[in-house]
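Before any comments, here is the structure.
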Amino acid sequence: MIELKNLTKRYGNTLAVNSVNLYVAKGEIFGFIGPNGAGKTTTIRMMGGVLASTEGSIIIDGINMGDDPEGVKKRIGFIPDRPFLYEKLTAMEFMRFSADLYSVDNRIFLEKAPTLLKKFAIYNWAHELIESYSHGMKQRLIISAALLHDPVVIVVDEPMVGLDPAAIKMVKDMFKELAKNGTTIFMSTHTLAIAEDICDRIGIIHKGSLIATGTTGDLKRDAGVQEADLEEVFLTLTEEQTIP
Amino acid sequence: MNEILTLLKPRFWSFKNGGYAKDAGNRKLRGLLFGTLGLIFWAGIFIIFYRVLVYFQGVADFGDILARKLMSMVIITLFSLLVFSSIITSLTKLYLSKDLVLVHSMPVSTSKIFLARWFESTIDSSWMVIIYSLPVFLSYGVVYKAGLFFYAIVCLTILPLCLIASGISALVVVMVALFLPAGRLRTFFVFLGFVLFVILIMAFRLIRPERLVNPDAFTSLILYLKSLETPGSPFIPTTWIFDSIQAALTGMMKSTVFDLILTWSFTVTLIFVITWISGVTYFTGYSKAQTATGRMFPSRGLSGIRSAYILNHMSGPTRAFVVKEIKTFFRDQTQWPQIFLIVALIAVYLYNFSVLPFAKSPIGIIYLQNLFSFLNMGLATFVLTAVAARFVYPAVSIEGEAFWIVRSSPIRIRTLLWIKFAVYFIPLLLLAEILIVVSNILLNVTPFMMALSVTTVFLMVPGIVSMGIGFGAAYPDFQSENPAQSVTSFGGLLFMILCAGFIAAVIVIEAGPVYSIFMAEIRRTSMSMFQWIWLAGSFFLVILLCILAIIVPMRWGNRCLSRNV
């Protein structure tokens, strides 16, 4: 469902993402972890079509981002790490905006928009301007809007930042439910417990390179720390890469 | 004092680090361009004031009175500008800046935070006024052959002028912030400022200053000049500053020093008072500013704009952006006063045409009316350029940090740019055609001239809008807290210059053939074959130029914005 081939991004002389190769199957939840500045957000932004790659390709649902970016974007629900929105629109207007943008049928919009807003507990503020929302409310609105067009792939950067414990649990359950129904989820996170809890496979990126991929068990084997938790696996693998 | 300096250091370091930024080369180029333009403007102010003062000196009896009155008006204008500019700047610095959360979490007293912020605001709102007031005082010094003492006094009085204006503004802002949340506060002050400005423009225009050059009104002019000798109120700081500079110009040492001491003692007292008041009230106002403002007008739900017939015939993504553009534009209350200002300027613009003294002109009325109509095409499109600079050029930057939505959505940048083009094109075309048609009716022009102006403007408006969108896309500023100000950037300046060039080119190309047609019409003669070919060639060139002005900037903007990721 998601295929990254030699994906590379350079910012001037800085190599942010170095020839990443990866395949994520349909219905899989893939966790992308790494230290600060490792290249997680850059990779996610390239996958969301927000950033152009320097080299390599991104293939989603069989469509190459370079050949048909609009076609790929129609299939993606992109959720960035920082919830910047159109502050002068209301939540319901933003939902309508997203529905129009992704050509969602009006009947489906009228049915799904209130349901999603209720699910994310922002329905009561649906007709208030977004500028009066808290960080968490904006994040919940972005997630609601990203789900409106039933994307086949969800690309999400730090989904739990700014969410309260109840919303975190709800998002985790929802991701599991979506994956069960065939939606592929690619998420970056710093919260290793969440990655361990919901991801089928995890990829560790360090200094722009994908240094390990696999299930938690695979990663423990790679790191040689069978009894440890993901945090220790992560620290061991990234440390090994840092020490020459 | 150390804490205040520490709070100011990030600003100083950011300014210093600008030279090491990635785009340092571009910055130097921009600096050079802006520096050159600024210097030309500075020299222009000096030349104008120098010539006016030399002219005044030649006017028997009244010359010095006029020069004095001019200086008094300059000082009052500078003071008013400083107050208005300081209100907006101090409001942002004290209540709306993004770094305030960090600053207020630091172990520094409220009054010290206030003083650091106020000092920053004073510099930001005053530096340009100071720079451009210097050629005015320099021209006085040169014309009146003043010594170094005069220039020293000018420096010593301009500084308190800025501090007093900024102090009064901060005091007003701090007090009003206790009652209004900061979001509303900005709207309130911007609105107030623009209303005052509009009243000033209307009042100035309606008193018809052009009558002062009319010898018939000379009796009333003498009365007017007599009233000029009335001194200003002794309780206003601008009077002390004016008296001090004026005394220094005429070498009256005692009077200069007295007014200077008066000015500085007031300045110091004012700083003391605002520091004390801010210590008591600033944090309360700042806390209030954190509260979200209620909506000025409640939502009408999903009906309203979406039900517009034309929108239902658009594709989903197009409709999404058209609705978003219109709603965000009208809900941004800072746009409203500017719309009022445009309406006022249009009224003044058209009023000017209604009072043109054609009857007193030695040149033929029909000739003059049509000449004005022809030149009016350039003037109206230039007014339109200014409006486009304020509204169209920032249209891409206004997406701000929410630009990721466009990037991640299944819509091409090119489509987005054309949607923005369409949204701004229709109102601007209407505005330009209203200006042209009404002014032509007031000028009573020939049908040919009416048709020519309406058609030419119809051809030029898309080019101007396209240049605004294209240049805005080529030089976007998604980080700016106020995208409307992006027009003062390098890209904005380039847009204005090239737009002026485009307008001038069209007018120049049309001038020759239009003159031939017009003269043939007046003389009731037919045009030669050469004139017909010239006419066809010129109009073909104008159409070509207008098409290029639409296509090239949009393509360029699309390429730059798509690449600029």
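All residue names refer to the structure tokens as shown: chains lettered A, B, ... in order, residues numbered from 1 in each chain, ligands numbered from 1 in order.
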Within 6 Å of chain B, which residues of chain A show up when using only C-alpha atoms, listed as a ChimeraX atom specification? /A:48-51,70,73-74,84-85,88,97,100-101,103,132
Keeping N, CA and C atoms for every residue in the selection just given, could you write it to a file as an mmCIF file, in the first residue's frame?
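So again.cif came out as:
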```
data_model
loop_
_atom_site.group_PDB
_atom_site.id
_atom_site.type_symbol
_atom_site.label_atom_id
_atom_site.label_comp_id
_atom_site.auth_asym_id
_atom_site.auth_seq_id
_atom_site.Cartn_x
_atom_site.Cartn_y
_atom_site.Cartn_z
ATOM 1 N N GLY A 48 3.032 13.062 2.656
ATOM 2 C CA GLY A 48 1.770 13.804 2.599
ATOM 3 C C GLY A 48 1.693 14.735 1.406
ATOM 4 N N GLY A 49 2.795 14.832 0.651
ATOM 5 C CA GLY A 49 2.816 15.720 -0.516
ATOM 6 C C GLY A 49 3.030 17.175 -0.136
ATOM 7 N N VAL A 50 3.452 17.399 1.101
ATOM 8 C CA VAL A 50 3.653 18.769 1.578
ATOM 9 C C VAL A 50 5.065 19.242 1.240
ATOM 10 N N LEU A 51 5.942 18.279 1.035
ATOM 11 C CA LEU A 51 7.352 18.577 0.780
ATOM 12 C C LEU A 51 7.811 17.740 -0.420
ATOM 13 N N GLU A 70 -2.014 14.694 -7.166
ATOM 14 C CA GLU A 70 -3.406 14.911 -6.737
ATOM 15 C C GLU A 70 -4.103 13.573 -6.494
ATOM 16 N N LYS A 73 -2.915 12.237 -3.195
ATOM 17 C CA LYS A 73 -3.431 13.011 -2.064
ATOM 18 C C LYS A 73 -4.906 12.708 -1.787
ATOM 19 N N LYS A 74 -5.639 12.364 -2.837
ATOM 20 C CA LYS A 74 -7.051 12.016 -2.657
ATOM 21 C C LYS A 74 -7.206 10.772 -1.785
ATOM 22 N N PHE A 84 -2.179 23.949 12.490
ATOM 23 C CA PHE A 84 -2.461 25.274 11.914
ATOM 24 C C PHE A 84 -3.673 25.157 10.990
ATOM 25 N N LEU A 85 -4.671 25.973 11.261
ATOM 26 C CA LEU A 85 -5.919 25.909 10.490
ATOM 27 C C LEU A 85 -6.355 27.302 10.061
ATOM 28 N N LYS A 88 -10.430 31.785 10.858
ATOM 29 C CA LYS A 88 -11.685 32.535 10.714
ATOM 30 C C LYS A 88 -12.843 31.664 10.217
ATOM 31 N N PHE A 97 -15.342 22.533 4.030
ATOM 32 C CA PHE A 97 -14.217 22.867 3.158
ATOM 33 C C PHE A 97 -13.472 21.586 2.767
ATOM 34 N N ASP A 100 -15.575 19.402 0.390
ATOM 35 C CA ASP A 100 -15.548 19.931 -0.982
ATOM 36 C C ASP A 100 -14.209 19.644 -1.647
ATOM 37 N N LEU A 101 -13.144 19.825 -0.864
ATOM 38 C CA LEU A 101 -11.788 19.648 -1.397
ATOM 39 C C LEU A 101 -11.565 18.216 -1.868
ATOM 40 N N SER A 103 -13.981 16.176 -2.677
ATOM 41 C CA SER A 103 -15.174 15.788 -3.455
ATOM 42 C C SER A 103 -16.024 14.741 -2.734
ATOM 43 N N SER A 132 -10.864 30.403 18.453
ATOM 44 C CA SER A 132 -11.124 30.323 19.891
ATOM 45 C C SER A 132 -10.869 28.919 20.450
#
```
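If you count only C-alpha atoms and ignore residues fewer than 2 places along the chain from Ala193 in chain A, what sits within 12 Å of it is Gly31, Ile33, Met160, Lys172, Thr189, His190, Thr191, Ala195, Glu196, Asp197, Ile198, Cys199, Ile202, Thr216, Asp229, Leu230, Glu231, Glu232 and Phe234 of chain A.
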Name the residues in contact with Met46 in chain A at a cut-off of 9 Å, using only C-alpha atoms, excluding same-chain residues fewer than 4 positions from it; report them as a short mmCIF file (atom, residue, chain, number, x, y, z; two decimals) with N, CA and C atoms, in the first residue's frame.
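Generated output (out23.cif):
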```cif
data_model
loop_
_atom_site.label_atom_id
_atom_site.label_comp_id
_atom_site.auth_asym_id
_atom_site.auth_seq_id
_atom_site.Cartn_x
_atom_site.Cartn_y
_atom_site.Cartn_z
N LEU A 7 14.07 7.09 -0.97
CA LEU A 7 13.55 8.43 -0.66
C LEU A 7 14.64 9.26 0.04
N LYS A 9 16.01 13.39 0.98
CA LYS A 9 15.74 14.83 1.03
C LYS A 9 16.97 15.56 1.54
N THR A 41 9.66 13.86 10.59
CA THR A 41 8.69 14.82 10.05
C THR A 41 8.95 15.08 8.56
N THR A 42 10.23 15.14 8.18
CA THR A 42 10.56 15.36 6.76
C THR A 42 9.99 14.22 5.91
N VAL A 50 3.45 17.40 1.10
CA VAL A 50 3.65 18.77 1.58
C VAL A 50 5.06 19.24 1.24
N LEU A 51 5.94 18.28 1.03
CA LEU A 51 7.35 18.58 0.78
C LEU A 51 7.81 17.74 -0.42
N ALA A 52 8.62 18.37 -1.28
CA ALA A 52 9.11 17.62 -2.45
C ALA A 52 10.37 16.85 -2.07
N SER A 53 10.50 15.64 -2.59
CA SER A 53 11.72 14.88 -2.29
C SER A 53 12.84 15.31 -3.22
N ILE A 58 7.69 7.93 -3.97
CA ILE A 58 6.69 7.53 -2.98
C ILE A 58 5.52 6.94 -3.77
#
```
Within 8 Å of Phe425 in chain B, counting only C-alpha atoms, which residues show up once you throw out same-chain ones fewer than 3 positions away? Write them as a ChimeraX atom specification, please. /B:421-422,428-429,461-462,465
Got a sec: who's within 7 Å of Asp157 in chain A, counting only C-alpha atoms, leaving out chain neighbours fewer than 4 positions off, as an NGL selection string? :A and (41 or 44 or 79-81 or 187-189)
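CA of Gly285 in chain B sits 28.0 Å away from CA of Pro237 in chain B.
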Within 10 Å of range 3-5 of chain B, counting only C-alpha atoms, which residues qualify if same-chain residues fewer than 4 places away don't, as a ChimeraX atom specification? /B:9-10,12,107-109,111-117,119
Residues near Thr183 in chain A, anyone? I mean within 9 Å using only C-alpha atoms, not counting same-chain ones fewer than 5 positions away, as an mmCIF file with N, CA and C atoms, in the first residue's frame.
```cif
data_model
loop_
_atom_site.group_PDB
_atom_site.id
_atom_site.type_symbol
_atom_site.label_atom_id
_atom_site.label_comp_id
_atom_site.auth_asym_id
_atom_site.auth_seq_id
_atom_site.Cartn_x
_atom_site.Cartn_y
_atom_site.Cartn_z
ATOM 1 N N LYS A 26 -1.238 -3.233 3.232
ATOM 2 C CA LYS A 26 -2.600 -2.751 3.461
ATOM 3 C C LYS A 26 -3.078 -3.202 4.850
ATOM 4 N N GLY A 27 -3.701 -2.272 5.571
ATOM 5 C CA GLY A 27 -4.251 -2.606 6.877
ATOM 6 C C GLY A 27 -3.218 -2.665 7.988
ATOM 7 N N GLU A 28 -1.988 -2.249 7.667
ATOM 8 C CA GLU A 28 -0.923 -2.303 8.677
ATOM 9 C C GLU A 28 -0.804 -0.947 9.393
ATOM 10 N N ILE A 29 -0.463 -0.995 10.678
ATOM 11 C CA ILE A 29 -0.137 0.264 11.384
ATOM 12 C C ILE A 29 1.377 0.264 11.554
ATOM 13 N N ASP A 150 -12.775 9.089 3.926
ATOM 14 C CA ASP A 150 -12.421 7.663 4.004
ATOM 15 C C ASP A 150 -11.102 7.371 3.297
ATOM 16 N N PRO A 151 -10.005 7.926 3.771
ATOM 17 C CA PRO A 151 -8.720 7.706 3.084
ATOM 18 C C PRO A 151 -8.271 6.247 3.205
ATOM 19 N N VAL A 152 -7.543 5.795 2.187
ATOM 20 C CA VAL A 152 -7.041 4.413 2.262
ATOM 21 C C VAL A 152 -5.734 4.377 3.060
ATOM 22 N N VAL A 153 -5.086 5.551 3.131
ATOM 23 C CA VAL A 153 -3.847 5.654 3.913
ATOM 24 C C VAL A 153 -3.950 6.869 4.832
ATOM 25 N N ILE A 154 -3.567 6.694 6.082
ATOM 26 C CA ILE A 154 -3.504 7.852 6.984
ATOM 27 C C ILE A 154 -2.036 8.076 7.320
ATOM 28 N N PHE A 175 -7.711 3.976 15.359
ATOM 29 C CA PHE A 175 -6.671 3.543 14.421
ATOM 30 C C PHE A 175 -6.696 2.020 14.271
ATOM 31 N N GLU A 177 -9.236 0.067 14.731
ATOM 32 C CA GLU A 177 -10.480 -0.272 14.024
ATOM 33 C C GLU A 177 -10.324 -0.021 12.518
ATOM 34 N N LEU A 178 -9.744 1.147 12.200
ATOM 35 C CA LEU A 178 -9.547 1.504 10.784
ATOM 36 C C LEU A 178 -8.621 0.500 10.111
#
```
Just asking: which residues within range 40-188 of chain A are strand (DSSP E) according to DSSP, as a ChimeraX atom specification? /A:55-60,63-64,76-79,153-157,184-188
Please return, as a count of residues only, all residues of range 38-214 of chain A that DSSP assigns to helix (DSSP H, G or I) on the basis of the backbone. 82
Atom-to-atom span, CA of Ile497 in chain B and CA of Val343 in chain B, Å: 24.4 Å
